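Trainee: The structure is given below, and queries will be raised subsequently.
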Amino acid sequence: MKLKFVLLFVCTLPLLGFGQQLIHLATLQDSIQETSGLIYLEGKLITHNDSGGEPMLYEIDSISGNITRSVFIENATNTDWEDICFDSSYIYIADFGNNSGSRTDLKVYRLLISDYLLTPNDTVTVDMINFSYFDQTDFSPNPLSTNFDAESMFSYNDSLFIFTKNWVNNWTNIYALPKTPGTYQIEKVDSIDVQGLITGGTYNDSTNTILLSGYTFTVPFIVEISGFTSNDFSNGIINRYPLTLPVGASIQIESITRFEANQYYLTSEVNIIGPPTLYRLNQSPLNIDAVGPSTACIYPNPASDCIKLKDVDFSTVEIYDALGILRKTSDSQSIWIADLTKGTYFLIAKDSSGHTLFSKKVMIQ
């Protein structure tokens, strides 16, 4: 929502020079300056605007940023669309932006994927999932001072999980919403101290990992949640990484979606720092020097022909280069690396479920 920019712009400081590096792909067209949600479905990159925009989904080209298709939802209104996700059958559009805390018409639109893909005239209709927060009793307008705003939603198992944007305490509260049309009062199932404002989220089913996008009043960030079971997210492994953007780029990161392995697209809204932008993120352990048991180690380091692991019980080892590209996978305690070029690499040891046990920076010379 546009109201949130006032405080952000006043408080924006120079970006930190550390963290996950976003790769600038394209500047988005004027008609999607307020991009606020993102999915990658059937090879199509799909976004939408937030408050006040048309009830429209836009397909964008990942190279040029140009709009290649627009699909109109004829029985929907864009009060404040803030995220989008999908499962095997449906696309879900989150109309629950609420930064004054006063809305009583929170909803998620449900759209058949087959309708979206096969409509002959780029016009579709949707079902509605209406809801309210069980623990909200006061609906007095309180702009930028509510914990009942939300901009993040993803599909996980049989529910939609909503991660709130807590203006008051910079945590995120987590609610589970049924996927079936109806009217619900939803209860909080978990909370996480994210130290900022959450704006988007996506679930990576290949690694059982959640990535959330967000910002503070100085720098954007991502939160990675892994190693959780069921919907007990706060008991997983939680890492928070600042994002480093190119100079002159918009820092108002609003959405994130996975498109392959550990590769993600993100978009930012237009602001006074820069235009609306499409980014790519290679999610790898580039910020982690050592994670895991204190006794676990690798040697020699630097190495030239072979790396050995000691005191860690693992299933597989992955080695990434400095760009986050996977270069080698092994299940051996001794890993041949003489075929890799000289430089900085990042080694991750994982268990049989794909959870990270140990990670460390290594030098190959």
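Letters for chains follow the order of the structure tokens (A, B, ...), residue numbers begin at 1 for each chain, and ligand numbers begin at 1 in the order shown.
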Give me the residues of range 304-354 of chain A that have any atom at most 12 Å from an atom of range 197-207 of chain A; for each, the nearest atom pair and the distance in Å, rounded to one decimal. Use only C-alpha atoms, sort by chain and number, and format it as a tab-separated table.
Mentor:
```
residue	atom	partner	partner_atom	distance
A:Lys350	CA	A:Thr207	CA	10.7
A:Asp351	CA	A:Thr207	CA	11.4
A:Ser352	CA	A:Thr207	CA	11.1
A:Ser353	CA	A:Thr207	CA	8.2
A:Gly354	CA	A:Thr207	CA	6.1
```
Trainee: Save out the residues we just selected, all heavy atoms, as an mmCIF file, in the first residue's frame.
Mentor:
```
data_model
loop_
_atom_site.group_PDB
_atom_site.id
_atom_site.type_symbol
_atom_site.label_atom_id
_atom_site.label_comp_id
_atom_site.auth_asym_id
_atom_site.auth_seq_id
_atom_site.Cartn_x
_atom_site.Cartn_y
_atom_site.Cartn_z
ATOM 1 N N LYS A 350 24.419 -32.168 4.096
ATOM 2 C CA LYS A 350 22.992 -32.304 4.389
ATOM 3 C C LYS A 350 22.662 -33.711 4.866
ATOM 4 O O LYS A 350 23.356 -34.681 4.518
ATOM 5 C CB LYS A 350 22.160 -31.981 3.140
ATOM 6 C CG LYS A 350 22.278 -30.534 2.681
ATOM 7 C CD LYS A 350 21.356 -30.263 1.500
ATOM 8 C CE LYS A 350 21.391 -28.786 1.113
ATOM 9 N NZ LYS A 350 20.473 -28.506 -0.016
ATOM 10 N N ASP A 351 21.562 -33.816 5.642
ATOM 11 C CA ASP A 351 21.103 -35.134 6.059
ATOM 12 C C ASP A 351 20.203 -35.733 4.982
ATOM 13 O O ASP A 351 20.005 -35.135 3.912
ATOM 14 C CB ASP A 351 20.390 -35.064 7.416
ATOM 15 C CG ASP A 351 19.115 -34.215 7.384
ATOM 16 O OD1 ASP A 351 18.591 -33.955 6.286
ATOM 17 O OD2 ASP A 351 18.645 -33.826 8.468
ATOM 18 N N SER A 352 19.627 -36.894 5.256
ATOM 19 C CA SER A 352 18.843 -37.609 4.242
ATOM 20 C C SER A 352 17.550 -36.884 3.879
ATOM 21 O O SER A 352 16.949 -37.151 2.841
ATOM 22 C CB SER A 352 18.517 -39.022 4.727
ATOM 23 O OG SER A 352 17.802 -38.973 5.956
ATOM 24 N N SER A 353 17.116 -35.938 4.723
ATOM 25 C CA SER A 353 15.910 -35.154 4.443
ATOM 26 C C SER A 353 16.210 -33.853 3.719
ATOM 27 O O SER A 353 15.306 -33.079 3.431
ATOM 28 C CB SER A 353 15.169 -34.847 5.749
ATOM 29 O OG SER A 353 14.753 -36.042 6.378
ATOM 30 N N GLY A 354 17.498 -33.608 3.433
ATOM 31 C CA GLY A 354 17.880 -32.387 2.735
ATOM 32 C C GLY A 354 18.125 -31.202 3.643
ATOM 33 O O GLY A 354 18.320 -30.090 3.160
#
```
Trainee: Write out as a PyMOL selection string each polymer residue whose atoms come within 6 Å of range 225-231 of chain A, counting only C-alpha atoms; drop sequence neighbours fewer than 2 positions from it.
Mentor: chain A and resi 209-210+233+236-238+355
Trainee: Print the selection's residues with N, CA, C and O atoms to a file, as a JSON list (two decimals), in the first residue's frame.
Mentor:
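Wrote out.json, looks like this:
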```json
[["chain", "number", "residue", "atom", "x", "y", "z"],
["A", 209, "THR", "N", 11.69, -25.73, 2.37],
["A", 209, "THR", "CA", 12.22, -24.45, 2.86],
["A", 209, "THR", "C", 11.25, -23.33, 2.51],
["A", 209, "THR", "O", 10.65, -23.33, 1.43],
["A", 210, "ILE", "N", 11.10, -22.38, 3.42],
["A", 210, "ILE", "CA", 10.31, -21.18, 3.19],
["A", 210, "ILE", "C", 11.26, -20.01, 3.05],
["A", 210, "ILE", "O", 12.20, -19.86, 3.84],
["A", 233, "PHE", "N", 6.62, -23.82, 12.37],
["A", 233, "PHE", "CA", 7.67, -23.12, 11.64],
["A", 233, "PHE", "C", 8.75, -22.53, 12.57],
["A", 233, "PHE", "O", 9.93, -22.53, 12.24],
["A", 236, "GLY", "N", 11.90, -24.49, 13.40],
["A", 236, "GLY", "CA", 12.85, -24.82, 12.34],
["A", 236, "GLY", "C", 14.13, -24.03, 12.50],
["A", 236, "GLY", "O", 14.35, -23.31, 13.47],
["A", 237, "ILE", "N", 15.01, -24.16, 11.51],
["A", 237, "ILE", "CA", 16.24, -23.37, 11.46],
["A", 237, "ILE", "C", 15.91, -22.07, 10.74],
["A", 237, "ILE", "O", 15.46, -22.07, 9.60],
["A", 238, "ILE", "N", 16.12, -20.94, 11.41],
["A", 238, "ILE", "CA", 15.74, -19.64, 10.86],
["A", 238, "ILE", "C", 16.98, -18.80, 10.64],
["A", 238, "ILE", "O", 17.73, -18.51, 11.58],
["A", 355, "HIS", "N", 18.14, -31.41, 4.95],
["A", 355, "HIS", "CA", 18.38, -30.31, 5.89],
["A", 355, "HIS", "C", 19.88, -30.07, 6.06],
["A", 355, "HIS", "O", 20.67, -31.01, 6.12]]
```
Trainee: So that I can check the secondary structure, give me every residue of range 4-241 of chain A assigned strand (DSSP E or B) by backbone DSSP, as a PyMOL selection string.
Mentor: chain A and resi 20-27+35-41+44-49+56-60+67-73+81-86+90-95+107-112+123-124+127-133+150-156+159-164+172-178+182-186+188-192+197-204+209-215+220-226+237-241
Trainee: DSSP on the backbone, then: every residue of range 22-223 of chain A marked helix (DSSP H, G or I), written as a ChimeraX atom specification.
Mentor: /A:30-32,113-118
